[in-house]
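Structure, as structure tokens:
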Amino acid sequence: MKKSSLLNLFLVLLSLLIASSIESTPDVNGKRVLALLEDYAIKTSHSRFFSTLEDSGLEIHYALASDSAVRLSKYGEYFYDHLILFAPSVEALPGISIASIVQFIDDGHNVLFVGDKDISTSLVDLGLECGVEFDDSATIIDHLNYANSESNDKHTLILGTAVKESNLVTGPVSNPILFQGIGMRLLDANRLVFPILIGSAAAYSGQPGQVVRSTPFVSGLSTVLIAGLQARNNARVVVSGSLEFFSNRFFGKFEVVENGKNSPGAISTDNEAVGSHIALWAFQQRGVLRTRDITYYQVSDKNATQYRVKEDISYEITLEQYNGKEWIPFKANDVQIEFVRQDPYYRVFLNHDNNGRYSVTFAAPDTYGVYTFRLIYQRRGYTFLKSDQTVAVRPYRHNEYERFIPAAFPYYASVFAIMIGFFITTLILLFNHPKK
Amino acid sequence: MKKSLSFSILIILFLSLINFYNCQNNEVIGAVSGYLDNNLVSSIFSLIQNKQLSNFTFGSISTTYKAVKVFKLLNTNVPNSNELCNLLELKLQNVERVREAYYLIETLKILECSNSNSNSNSNSKLSIPLPVINDIRKIFAATIQSEANLARIYFAISLVSSFSSSLTHENFDYNSIINYVLRLKDDSGSFKSSISRGAPTVSSAALAYRILARLLSTNSLNKHQIYQIQQVAKEIINIFEQTDNYQGTIFFEEESLEITSEVVSASAALIAHFPQLPILFQSKLVGIAEFFIQRKHVATIDDAYFLLTGLHAFDILPTPIVLILQQNSIEVSSKSNDNLLKVSVTDLFGNNMNEFKVYLESAYPVTTRQSILSHQQMQLETGSEGSRYSINFLALKPEPGVYELKFSASTISTTRNVINVQLAIRSIKIVTAVSVHDFEISVQELSSSTGKKTSLQFGEVLTQSLKANSAQKLVITLKLKNQVSLKPLSVQQCFVRLYNQQQIKEIVELVKFERNRYSFEFAFDGKKEIDNLVNGEYSIELIVGDSILSNSFIWQIGKINLEIAENNNNAAQLGISSRPVFAPLPEIRHIFRNPDKRPTEMISFVFTSLVVALPFGLLLSGINSIGFNLKRFPLGFGFFSAIAFVLLLLSILVLFSFFWLILTMIQTLTILFILSIPTFYFGLTTFRNINRLSKTDKED
């Protein structure tokens, strides 16, 4: 009895100490965008891109990258939630250092930056910080997939391939995506960076119009044109090797050559839709999830503060997705929950009711201790969800074990036989008159 | 006075001559590289249409005016124009300032509300409200006191000129306006926005030109006033000297579409009144038109308005022509007429212009820059796609490569004021087809150069998969030739790609060109990109590409089975497509400890029976042997205490049973304590009685 009480007290205290709920939901209300431009002509030449962002509710403040008066923060307070860096060749940003941009990301803010021909070393460094290595001395070329235009005589205006696994970032793609710029490769050391737009099998990084004499920096499917990064704090970064990708010019119609076959005529590109979608993803307007209304209980006693071993326990959670305007139910069949005590004892899929409510029921393990309901949902393009709820699982109390075990019936019977024998013997000893 | 006037005329003439000289001799006039095509017109229409708000306006009064103006310039109807008319007419009744009145009235005029709404009394609605007239009076008074700014003067003058018939009783002094505007001009041709404010700017110059043009349209100026304005019109060239240029485009104020458009259209409005004046900045106009065309992808109503008003300024100003090559490349082996070198000559809206003589002045490859042609006239052809100027360029037998072409074009028409092209540079590719010869593929030992070679024709596929291990290498040799001339060809890109689709692994390696032959060797010995390879089947692809090839290709040669190293399949690789996408992890289910084995219920029952039956049998036989009786049970007073003792003893045994079934230890001990007191008492009493009975028996 005493041992059991102490154990319970220990479990409760440990639960209170460890109990934590880690939920990190990005701030979808952050609408302040700083657009640092190489020159103000970009505001006009990329007006459709900026216009789409403004139409979605983002407030863009335009400034020259060379403006020394521009600051991201003052006294630890950020002026902006997102940063667009459209200044590929500005060597030094007088107002904002690369370190401050990295800090901006570390503090959970989002950045879209582009490299291009003549990329500055500062941006190359920023790329390395974000897990991508630019090829700053060459241009991406594809002789089999390109836009058939007069200005593209060296096949540098190529058709990119949207990575299927990143379709949440790009949105649906049905038309060619034009790209003209430099390539990059992803650093193996950074597992969080992923490709969004890549070259075809025939793409390579080289000097336009010149014979390739050494193995290219990147080639084939390894040719990354646009990359994305979602940090562990859910800050998002998009790195593009082309400024023109987002320009009004690329949002028009082009005649294209795809794998050696000419298109029948000028066809629309998906640059506008994809470019806008990528930016909206970067600025937490797409692919943002949050958790809500987490409940967990023992099925046989919903008010139990501690769960008993082998009892059915239920876990329920609501997952919602931000669609740019409001939170809507998130529907997925691959959400898993773990029940962890040092190692996971369970890792099971949650069932959902098509209305964003997920649930699962399983029997508590037969070893008592402090367990954690751990929901970790990491999918490319979606907010990383992590939610921990700690509960105690106790053993049976002495009076909760099985009482009438058939195998023990002989023991029960022997006890009662002794008791009855004792009683009868007492009667005999007390009241029997021995025969004479 | 006369002396100074004639002196200034001489100066202006001298400057004009200098400019004319510069234009004619130093600045080469080219052609615009594109036009506003129908697709773009449709997208602008959709853009503006989508911006219409639920109250039928497009935002502010000025934005609504610009949107309506865009519809007018696109020759399309304004959606919901009747509702918009009614709304604007209501607004006009309550307006007090000239700016709002100007935009409302100009919008209503474009909408032609009086025609569309026959029931309304349009004449009364399109009158200037009294507060606005008072505002106009203030502006005119301010010009006398040198306080008005150009924007307000423009709005006032526009309203006065629009309603001159209904404002005849007002005595507006145009002379003071002209004098005031001229006082704002500085030596560079720019204007200040007012006497007291700011530095002269080109945008103020645009406003000044518009004011003067409006004044001229009233037809109420005297000769001297017209002469003064004409002098301003002659100095427009000075404003155009303040342009900047970048990559063939010319613009004002850091590539500002708004200011460039305003200056050009205002200049056109003023120059329209002086058709006899020579336009001395034609070369600038070509660059400005190019600037507009480069900015043709617009996203806002403002940009659409400024683009279209800028382009339509060339309805008055001399029109730059658009010269576009109809194809980007010509196949060298082609013999069809479709591959004649063709150019189209159009205006800025894509309308064909036939009244030209077009010459191909020269053509040279960009590598050698040695011209292969000089000054050949192109022939005009008219087909279903419109008229084109063509020349048989292939007759010159050009080598494959990129060629720069220089064109000139001059009009033979006298009806339209167009800018002749002195030199327009375009580029074209002469492409050829490549063919593969002497292709051989083999897997050889690392240390030897012999192995079973398989020869393939282009397009064939290996019938059997090759096999290779870490002591072997893949060897490919081939020749690439120009399909027409059969000369060896060195291409920009010749790669071999090994690709494992299952595990998404790829290796792209260069094929080296030496002595007119391509050769490729790739050793699977672990020294190179072998780290990226795992065991499995790989496709072998030959990629040949070049910007001057018409048939760049990926040739699927066949398969190779690699058995290169043990345990290599588990190597952690982050190849491009194999990066983690965070798929679901394997499910885990807790396995419960199996319960201890138990005997069957039958065995338990048998043992239970034995446990009960054996002692019970012994008890019965014992009782039987001793001859059980209750003769010593006390009677009389001792009977009750004996009964109580027996019952209490029995209750204690029952209590133990309840302890087993229900009660806790504490409860049991409590009850036991309570029961033990009477049991003890009645036990003692019973013992005493029994003892007494025993003594009695002994005494007996």
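Residue numbering restarts at 1 for every chain of the structure tokens, chains are lettered A, B, ... in their displayed order, and ligands are numbered from 1 as they appear.
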Contact residues around Val415 (chain A) with only C-alpha atoms at 12 Å, ignoring same-chain residues under 2 positions, as a short mmCIF file (atom, residue, chain, number, x, y, z; two decimals) with C-alpha atoms, in the first residue's frame:
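Wrote out_15.cif, looks like this:
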data_model
loop_
_atom_site.label_atom_id
_atom_site.label_comp_id
_atom_site.auth_asym_id
_atom_site.auth_seq_id
_atom_site.Cartn_x
_atom_site.Cartn_y
_atom_site.Cartn_z
CA ALA A 408 -6.38 -20.85 -7.61
CA PHE A 409 -9.64 -22.49 -6.63
CA PRO A 410 -7.80 -25.30 -4.74
CA TYR A 411 -6.12 -22.64 -2.60
CA TYR A 412 -9.38 -20.82 -1.93
CA ALA A 413 -11.04 -24.16 -1.09
CA ALA A 417 -11.75 -25.95 4.50
CA ILE A 418 -9.33 -24.91 7.24
CA MET A 419 -11.75 -22.25 8.46
CA ILE A 420 -14.65 -24.68 8.53
CA GLY A 421 -12.42 -27.33 10.13
CA PHE A 422 -11.30 -24.81 12.71
CA THR B 608 -10.46 -28.17 -5.57
CA VAL B 611 -8.74 -30.20 -1.32
CA VAL B 612 -12.28 -30.02 0.03
CA PRO B 615 -10.07 -33.01 4.86
CA LEU B 653 -14.67 -16.34 9.88
CA PHE B 656 -12.31 -13.07 6.77
CA SER B 657 -14.32 -14.15 3.73
CA TRP B 660 -11.12 -11.59 0.69
#
May I have a table of the residues of chain A lying at most 6 Å from chain B, giving each one's closest pair of atoms and their distance in Å to one decimal, counting only C-alpha atoms, ordered by chain and ascending residue number, as JSON lines?
{"residue": "A:Ala41", "atom": "CA", "partner": "B:Glu255", "partner_atom": "CA", "distance": 5.9}
{"residue": "A:Ser47", "atom": "CA", "partner": "B:Ala299", "partner_atom": "CA", "distance": 5.7}
{"residue": "A:Arg48", "atom": "CA", "partner": "B:Ala299", "partner_atom": "CA", "distance": 4.7}
{"residue": "A:His143", "atom": "CA", "partner": "B:Gly545", "partner_atom": "CA", "distance": 5.2}
{"residue": "A:Glu150", "atom": "CA", "partner": "B:Asn328", "partner_atom": "CA", "distance": 5.0}
{"residue": "A:Lys154", "atom": "CA", "partner": "B:Ser547", "partner_atom": "CA", "distance": 5.3}
{"residue": "A:Asp188", "atom": "CA", "partner": "B:Leu574", "partner_atom": "CA", "distance": 5.9}
{"residue": "A:Gln210", "atom": "CA", "partner": "B:Gln492", "partner_atom": "CA", "distance": 5.8}
{"residue": "A:Val211", "atom": "CA", "partner": "B:Gln492", "partner_atom": "CA", "distance": 3.7}
{"residue": "A:Val212", "atom": "CA", "partner": "B:Gln492", "partner_atom": "CA", "distance": 5.6}
{"residue": "A:Thr215", "atom": "CA", "partner": "B:Leu510", "partner_atom": "CA", "distance": 5.7}
{"residue": "A:Ser222", "atom": "CA", "partner": "B:Ile576", "partner_atom": "CA", "distance": 5.1}
{"residue": "A:Asn248", "atom": "CA", "partner": "B:His297", "partner_atom": "CA", "distance": 5.4}
{"residue": "A:Tyr345", "atom": "CA", "partner": "B:His590", "partner_atom": "CA", "distance": 5.2}
{"residue": "A:Tyr346", "atom": "CA", "partner": "B:Arg589", "partner_atom": "CA", "distance": 4.9}
{"residue": "A:Arg347", "atom": "CA", "partner": "B:Ile588", "partner_atom": "CA", "distance": 4.6}
{"residue": "A:Val348", "atom": "CA", "partner": "B:Glu587", "partner_atom": "CA", "distance": 5.4}
{"residue": "A:Gln378", "atom": "CA", "partner": "B:Phe582", "partner_atom": "CA", "distance": 5.7}
{"residue": "A:Arg379", "atom": "CA", "partner": "B:Phe582", "partner_atom": "CA", "distance": 5.0}
{"residue": "A:Arg380", "atom": "CA", "partner": "B:Val581", "partner_atom": "CA", "distance": 5.4}
{"residue": "A:Pro406", "atom": "CA", "partner": "B:Glu601", "partner_atom": "CA", "distance": 5.9}
{"residue": "A:Ala407", "atom": "CA", "partner": "B:Ser604", "partner_atom": "CA", "distance": 5.2}
{"residue": "A:Phe409", "atom": "CA", "partner": "B:Thr608", "partner_atom": "CA", "distance": 5.8}
{"residue": "A:Pro410", "atom": "CA", "partner": "B:Thr608", "partner_atom": "CA", "distance": 4.0}
{"residue": "A:Ser414", "atom": "CA", "partner": "B:Val611", "partner_atom": "CA", "distance": 5.7}
{"residue": "A:Phe431", "atom": "CA", "partner": "B:Arg632", "partner_atom": "CA", "distance": 4.5}
{"residue": "A:Asn432", "atom": "CA", "partner": "B:Leu630", "partner_atom": "CA", "distance": 4.9}
{"residue": "A:His433", "atom": "CA", "partner": "B:Lys631", "partner_atom": "CA", "distance": 5.4}
Please measure the separation of CA of Arg183 (chain B) and CA of Ala205 (chain B), giving the value in Å to one decimal.
-> 12.0 Å
Tell me which protein, DNA and RNA residues are within 8 Å of Ser410 (chain B), counting only C-alpha atoms, leaving out same-chain ones fewer than 3 positions away, and put them as a VMD selection string.
-> chain B and resid 356 to 358 419 to 422
CA of Asn233 (chain A) and CA of Trp327 (chain A) are how many Å apart?
->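 Distance reported for this atom pair: 20.4 Å.
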Which of region 87-201 of chain A counts as alpha helix (DSSP H) under DSSP, as a list in words please?
->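 Written out, the alpha helix (DSSP H) residues of region 87-201 of chain A are Ile98, Ala99, Ser100, Ile101, Val102, Gln103, Phe104, Ile105, Asp106, Thr121, Ser122, Leu123, Val124, Asp125, Leu126, Gly127, Leu128, Glu129, Asn167, Leu168, Val169 and Thr170 of chain A.
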Now that the selection is made, can you save its residues with N, CA, C and O atoms as a PDB file, in the first residue's frame?
ATOM      1  N   ILE A  98      24.420  39.953 -44.268  1.00  0.00           N
ATOM      2  CA  ILE A  98      24.004  38.565 -44.473  1.00  0.00           C
ATOM      3  C   ILE A  98      23.734  37.906 -43.118  1.00  0.00           C
ATOM      4  O   ILE A  98      22.782  37.138 -42.956  1.00  0.00           O
ATOM      5  N   ALA A  99      24.558  38.249 -42.131  1.00  0.00           N
ATOM      6  CA  ALA A  99      24.358  37.668 -40.791  1.00  0.00           C
ATOM      7  C   ALA A  99      22.994  38.053 -40.236  1.00  0.00           C
ATOM      8  O   ALA A  99      22.320  37.243 -39.593  1.00  0.00           O
ATOM      9  N   SER A 100      22.576  39.296 -40.499  1.00  0.00           N
ATOM     10  CA  SER A 100      21.272  39.716 -39.973  1.00  0.00           C
ATOM     11  C   SER A 100      20.130  39.019 -40.706  1.00  0.00           C
ATOM     12  O   SER A 100      19.077  38.764 -40.130  1.00  0.00           O
ATOM     13  N   ILE A 101      20.352  38.674 -41.980  1.00  0.00           N
ATOM     14  CA  ILE A 101      19.316  37.920 -42.710  1.00  0.00           C
ATOM     15  C   ILE A 101      19.226  36.507 -42.135  1.00  0.00           C
ATOM     16  O   ILE A 101      18.135  35.970 -41.943  1.00  0.00           O
ATOM     17  N   VAL A 102      20.386  35.924 -41.841  1.00  0.00           N
ATOM     18  CA  VAL A 102      20.381  34.583 -41.240  1.00  0.00           C
ATOM     19  C   VAL A 102      19.685  34.631 -39.877  1.00  0.00           C
ATOM     20  O   VAL A 102      18.877  33.758 -39.534  1.00  0.00           O
ATOM     21  N   GLN A 103      19.964  35.686 -39.115  1.00  0.00           N
ATOM     22  CA  GLN A 103      19.299  35.841 -37.819  1.00  0.00           C
ATOM     23  C   GLN A 103      17.789  36.024 -38.001  1.00  0.00           C
ATOM     24  O   GLN A 103      16.981  35.496 -37.224  1.00  0.00           O
ATOM     25  N   PHE A 104      17.435  36.753 -39.045  1.00  0.00           N
ATOM     26  CA  PHE A 104      16.022  36.976 -39.393  1.00  0.00           C
ATOM     27  C   PHE A 104      15.319  35.629 -39.600  1.00  0.00           C
ATOM     28  O   PHE A 104      14.206  35.397 -39.119  1.00  0.00           O
ATOM     29  N   ILE A 105      16.027  34.726 -40.294  1.00  0.00           N
ATOM     30  CA  ILE A 105      15.460  33.389 -40.528  1.00  0.00           C
ATOM     31  C   ILE A 105      15.422  32.603 -39.217  1.00  0.00           C
ATOM     32  O   ILE A 105      14.423  31.958 -38.899  1.00  0.00           O
ATOM     33  N   ASP A 106      16.501  32.701 -38.472  1.00  0.00           N
ATOM     34  CA  ASP A 106      16.549  31.968 -37.198  1.00  0.00           C
ATOM     35  C   ASP A 106      15.444  32.408 -36.253  1.00  0.00           C
ATOM     36  O   ASP A 106      15.009  31.643 -35.390  1.00  0.00           O
ATOM     37  N   THR A 121      29.031  37.768 -54.120  1.00  0.00           N
ATOM     38  CA  THR A 121      29.565  36.773 -53.169  1.00  0.00           C
ATOM     39  C   THR A 121      28.716  36.736 -51.902  1.00  0.00           C
ATOM     40  O   THR A 121      28.622  35.698 -51.245  1.00  0.00           O
ATOM     41  N   SER A 122      28.102  37.874 -51.574  1.00  0.00           N
ATOM     42  CA  SER A 122      27.237  37.896 -50.381  1.00  0.00           C
ATOM     43  C   SER A 122      26.101  36.904 -50.539  1.00  0.00           C
ATOM     44  O   SER A 122      25.773  36.152 -49.620  1.00  0.00           O
ATOM     45  N   LEU A 123      25.489  36.907 -51.727  1.00  0.00           N
ATOM     46  CA  LEU A 123      24.364  35.994 -51.939  1.00  0.00           C
ATOM     47  C   LEU A 123      24.825  34.551 -52.035  1.00  0.00           C
ATOM     48  O   LEU A 123      24.100  33.645 -51.630  1.00  0.00           O
ATOM     49  N   VAL A 124      26.031  34.354 -52.576  1.00  0.00           N
ATOM     50  CA  VAL A 124      26.586  32.991 -52.592  1.00  0.00           C
ATOM     51  C   VAL A 124      26.730  32.492 -51.148  1.00  0.00           C
ATOM     52  O   VAL A 124      26.369  31.362 -50.822  1.00  0.00           O
ATOM     53  N   ASP A 125      27.213  33.384 -50.274  1.00  0.00           N
ATOM     54  CA  ASP A 125      27.354  33.017 -48.860  1.00  0.00           C
ATOM     55  C   ASP A 125      26.004  32.738 -48.223  1.00  0.00           C
ATOM     56  O   ASP A 125      25.853  31.789 -47.451  1.00  0.00           O
ATOM     57  N   LEU A 126      25.030  33.576 -48.548  1.00  0.00           N
ATOM     58  CA  LEU A 126      23.687  33.372 -47.987  1.00  0.00           C
ATOM     59  C   LEU A 126      23.118  32.032 -48.465  1.00  0.00           C
ATOM     60  O   LEU A 126      22.476  31.310 -47.692  1.00  0.00           O
ATOM     61  N   GLY A 127      23.414  31.710 -49.725  1.00  0.00           N
ATOM     62  CA  GLY A 127      22.983  30.419 -50.253  1.00  0.00           C
ATOM     63  C   GLY A 127      23.597  29.264 -49.473  1.00  0.00           C
ATOM     64  O   GLY A 127      22.914  28.308 -49.113  1.00  0.00           O
ATOM     65  N   LEU A 128      24.889  29.383 -49.186  1.00  0.00           N
ATOM     66  CA  LEU A 128      25.565  28.325 -48.427  1.00  0.00           C
ATOM     67  C   LEU A 128      24.948  28.175 -47.038  1.00  0.00           C
ATOM     68  O   LEU A 128      24.799  27.075 -46.518  1.00  0.00           O
ATOM     69  N   GLU A 129      24.580  29.306 -46.440  1.00  0.00           N
ATOM     70  CA  GLU A 129      23.933  29.252 -45.125  1.00  0.00           C
ATOM     71  C   GLU A 129      22.614  28.488 -45.206  1.00  0.00           C
ATOM     72  O   GLU A 129      22.180  27.866 -44.242  1.00  0.00           O
ATOM     73  N   ASN A 167       5.013  19.500 -55.004  1.00  0.00           N
ATOM     74  CA  ASN A 167       3.861  20.127 -55.664  1.00  0.00           C
ATOM     75  C   ASN A 167       3.056  21.014 -54.732  1.00  0.00           C
ATOM     76  O   ASN A 167       2.315  21.878 -55.186  1.00  0.00           O
ATOM     77  N   LEU A 168       3.202  20.816 -53.448  1.00  0.00           N
ATOM     78  CA  LEU A 168       2.500  21.713 -52.529  1.00  0.00           C
ATOM     79  C   LEU A 168       3.079  23.124 -52.614  1.00  0.00           C
ATOM     80  O   LEU A 168       2.377  24.115 -52.433  1.00  0.00           O
ATOM     81  N   VAL A 169       4.365  23.199 -52.908  1.00  0.00           N
ATOM     82  CA  VAL A 169       5.034  24.503 -52.982  1.00  0.00           C
ATOM     83  C   VAL A 169       4.739  25.172 -54.327  1.00  0.00           C
ATOM     84  O   VAL A 169       4.496  26.378 -54.391  1.00  0.00           O
ATOM     85  N   THR A 170       4.744  24.380 -55.387  1.00  0.00           N
ATOM     86  CA  THR A 170       4.571  24.974 -56.723  1.00  0.00           C
ATOM     87  C   THR A 170       3.111  25.140 -57.111  1.00  0.00           C
ATOM     88  O   THR A 170       2.785  25.968 -57.944  1.00  0.00           O
TER      89      THR A 170
END
What residues in region 218-354 of chain A get the DSSP label strand (DSSP E)? Please answer as an MDAnalysis selection string.
-> chainID A and resid 224:230 236:240 253:254 256:258 261:262 267:268 288:298 306:308 312:322 327:329 336:341 343:349 351:352
Write the selection just made, keeping C-alpha atoms, as a PDB file, in the first residue's frame?
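As written to disk, result33.pdb reads:
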ATOM      1  CA  VAL A 224      18.489  22.647 -59.141  1.00  0.00           C
ATOM      2  CA  LEU A 225      16.913  25.837 -60.437  1.00  0.00           C
ATOM      3  CA  ILE A 226      14.778  26.777 -57.447  1.00  0.00           C
ATOM      4  CA  ALA A 227      15.189  25.325 -53.990  1.00  0.00           C
ATOM      5  CA  GLY A 228      13.156  25.576 -50.821  1.00  0.00           C
ATOM      6  CA  LEU A 229      14.036  25.281 -47.196  1.00  0.00           C
ATOM      7  CA  GLN A 230      11.800  24.920 -44.224  1.00  0.00           C
ATOM      8  CA  ARG A 236      10.823  29.307 -44.905  1.00  0.00           C
ATOM      9  CA  VAL A 237      13.410  30.241 -47.489  1.00  0.00           C
ATOM     10  CA  VAL A 238      13.120  30.068 -51.265  1.00  0.00           C
ATOM     11  CA  VAL A 239      16.265  30.359 -53.347  1.00  0.00           C
ATOM     12  CA  SER A 240      15.975  30.961 -57.074  1.00  0.00           C
ATOM     13  CA  LYS A 253       3.279  33.090 -74.040  1.00  0.00           C
ATOM     14  CA  PHE A 254       6.195  31.310 -75.647  1.00  0.00           C
ATOM     15  CA  VAL A 256       8.713  25.958 -76.746  1.00  0.00           C
ATOM     16  CA  VAL A 257      10.770  22.971 -77.793  1.00  0.00           C
ATOM     17  CA  GLU A 258      10.372  20.025 -75.482  1.00  0.00           C
ATOM     18  CA  LYS A 261       9.586  18.400 -80.399  1.00  0.00           C
ATOM     19  CA  ASN A 262       8.351  21.839 -81.323  1.00  0.00           C
ATOM     20  CA  ILE A 267       1.570  28.548 -75.350  1.00  0.00           C
ATOM     21  CA  SER A 268       1.134  30.077 -71.942  1.00  0.00           C
ATOM     22  CA  VAL A 288       0.575  26.141 -43.039  1.00  0.00           C
ATOM     23  CA  LEU A 289      -0.870  23.721 -40.493  1.00  0.00           C
ATOM     24  CA  ARG A 290      -1.858  24.102 -36.886  1.00  0.00           C
ATOM     25  CA  THR A 291      -3.066  21.815 -34.139  1.00  0.00           C
ATOM     26  CA  ARG A 292      -6.078  22.458 -31.949  1.00  0.00           C
ATOM     27  CA  ASP A 293      -8.247  20.775 -29.323  1.00  0.00           C
ATOM     28  CA  ILE A 294      -5.937  17.983 -28.287  1.00  0.00           C
ATOM     29  CA  THR A 295      -7.716  15.526 -25.977  1.00  0.00           C
ATOM     30  CA  TYR A 296      -6.614  12.168 -24.620  1.00  0.00           C
ATOM     31  CA  TYR A 297      -8.266   9.902 -22.121  1.00  0.00           C
ATOM     32  CA  GLN A 298      -8.700   6.366 -20.821  1.00  0.00           C
ATOM     33  CA  GLN A 306      -3.385   8.275 -14.722  1.00  0.00           C
ATOM     34  CA  TYR A 307      -3.913   5.486 -17.137  1.00  0.00           C
ATOM     35  CA  ARG A 308      -3.775   1.840 -16.096  1.00  0.00           C
ATOM     36  CA  ASP A 312      -7.656   1.319 -23.930  1.00  0.00           C
ATOM     37  CA  ILE A 313      -6.618   4.923 -24.296  1.00  0.00           C
ATOM     38  CA  SER A 314      -7.751   7.420 -26.937  1.00  0.00           C
ATOM     39  CA  TYR A 315      -6.007  10.417 -28.492  1.00  0.00           C
ATOM     40  CA  GLU A 316      -7.828  13.055 -30.505  1.00  0.00           C
ATOM     41  CA  ILE A 317      -6.542  16.154 -32.246  1.00  0.00           C
ATOM     42  CA  THR A 318      -7.833  18.693 -34.743  1.00  0.00           C
ATOM     43  CA  LEU A 319      -5.540  19.683 -37.614  1.00  0.00           C
ATOM     44  CA  GLU A 320      -6.253  22.756 -39.688  1.00  0.00           C
ATOM     45  CA  GLN A 321      -4.714  24.239 -42.787  1.00  0.00           C
ATOM     46  CA  TYR A 322      -4.457  27.915 -43.753  1.00  0.00           C
ATOM     47  CA  TRP A 327      -8.309  27.975 -41.471  1.00  0.00           C
ATOM     48  CA  ILE A 328      -9.945  24.949 -43.030  1.00  0.00           C
ATOM     49  CA  PRO A 329      -9.902  21.275 -41.954  1.00  0.00           C
ATOM     50  CA  GLN A 336       0.935   9.379 -37.175  1.00  0.00           C
ATOM     51  CA  ILE A 337       1.058   9.478 -33.401  1.00  0.00           C
ATOM     52  CA  GLU A 338       3.710   7.896 -31.246  1.00  0.00           C
ATOM     53  CA  PHE A 339       3.339   6.730 -27.663  1.00  0.00           C
ATOM     54  CA  VAL A 340       6.830   7.076 -26.323  1.00  0.00           C
ATOM     55  CA  ARG A 341       8.652   6.081 -23.165  1.00  0.00           C
ATOM     56  CA  ASP A 343      11.394   4.532 -27.314  1.00  0.00           C
ATOM     57  CA  PRO A 344       8.090   4.513 -29.088  1.00  0.00           C
ATOM     58  CA  TYR A 345       5.818   1.730 -27.884  1.00  0.00           C
ATOM     59  CA  TYR A 346       3.285   2.654 -30.524  1.00  0.00           C
ATOM     60  CA  ARG A 347       3.484   4.475 -33.845  1.00  0.00           C
ATOM     61  CA  VAL A 348       0.084   4.330 -35.458  1.00  0.00           C
ATOM     62  CA  PHE A 349      -1.860   6.230 -38.101  1.00  0.00           C
ATOM     63  CA  ASN A 351      -8.069   8.163 -38.488  1.00  0.00           C
ATOM     64  CA  HIS A 352      -9.868  11.330 -39.509  1.00  0.00           C
TER      65      HIS A 352
END
Nearby residues (only C-alpha atoms) at most 6 Å from region 171-182 of chain A, same-chain spacing under 3 positions excluded, as a CSV table (one decimal) with C-alpha atoms, in the first residue's frame:
chain,number,residue,atom,x,y,z
A,116,ASP,CA,21.5,35.3,-61.3
A,139,THR,CA,24.5,29.5,-66.9
A,140,ILE,CA,22.0,26.7,-67.1
A,156,THR,CA,19.7,29.5,-72.0
A,157,LEU,CA,16.0,30.1,-71.7
A,158,ILE,CA,15.1,26.6,-70.7
A,159,LEU,CA,12.1,24.7,-69.5
A,160,GLY,CA,12.3,23.6,-65.9
A,167,ASN,CA,3.9,20.1,-55.7
A,168,LEU,CA,2.5,21.7,-52.5
A,241,GLY,CA,18.8,31.0,-59.6
A,242,SER,CA,16.9,33.4,-61.8
A,245,PHE,CA,11.7,33.7,-63.5
A,269,THR,CA,3.7,29.4,-69.3
A,270,ASP,CA,3.0,28.5,-65.7
A,271,ASN,CA,5.6,30.9,-64.4
Closest of B:Ile412, B:Ile237, B:Val132, B:Ala31 to Val286 (chain B), counting only C-alpha atoms, is B:Ala31
List the neighbours of Ile239 (chain B) out to 8 Å using only C-alpha atoms; skip same-chain residues closer than 5 positions along the sequence, and give me the result as a VMD selection string.
-> chain B and resid 188 to 190 202 205
File dump, residues just selected, N, CA and C atoms, as a PDB file, in the first residue's frame:
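Written output follows (selection_5.pdb):
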ATOM      1  N   SER B 188      16.807  74.520 -69.571  1.00  0.00           N
ATOM      2  CA  SER B 188      16.922  73.140 -70.071  1.00  0.00           C
ATOM      3  C   SER B 188      15.631  72.657 -70.725  1.00  0.00           C
ATOM      4  N   GLY B 189      14.603  73.503 -70.669  1.00  0.00           N
ATOM      5  CA  GLY B 189      13.331  73.087 -71.247  1.00  0.00           C
ATOM      6  C   GLY B 189      12.392  72.497 -70.224  1.00  0.00           C
ATOM      7  N   SER B 190      12.903  72.206 -69.009  1.00  0.00           N
ATOM      8  CA  SER B 190      12.047  71.671 -67.946  1.00  0.00           C
ATOM      9  C   SER B 190      11.218  72.799 -67.345  1.00  0.00           C
ATOM     10  N   VAL B 202      10.836  67.153 -65.683  1.00  0.00           N
ATOM     11  CA  VAL B 202      10.260  66.826 -66.986  1.00  0.00           C
ATOM     12  C   VAL B 202       8.767  66.533 -66.856  1.00  0.00           C
ATOM     13  N   ALA B 205       7.072  69.623 -67.157  1.00  0.00           N
ATOM     14  CA  ALA B 205       7.096  70.019 -68.571  1.00  0.00           C
ATOM     15  C   ALA B 205       5.937  69.376 -69.319  1.00  0.00           C
TER      16      ALA B 205
END
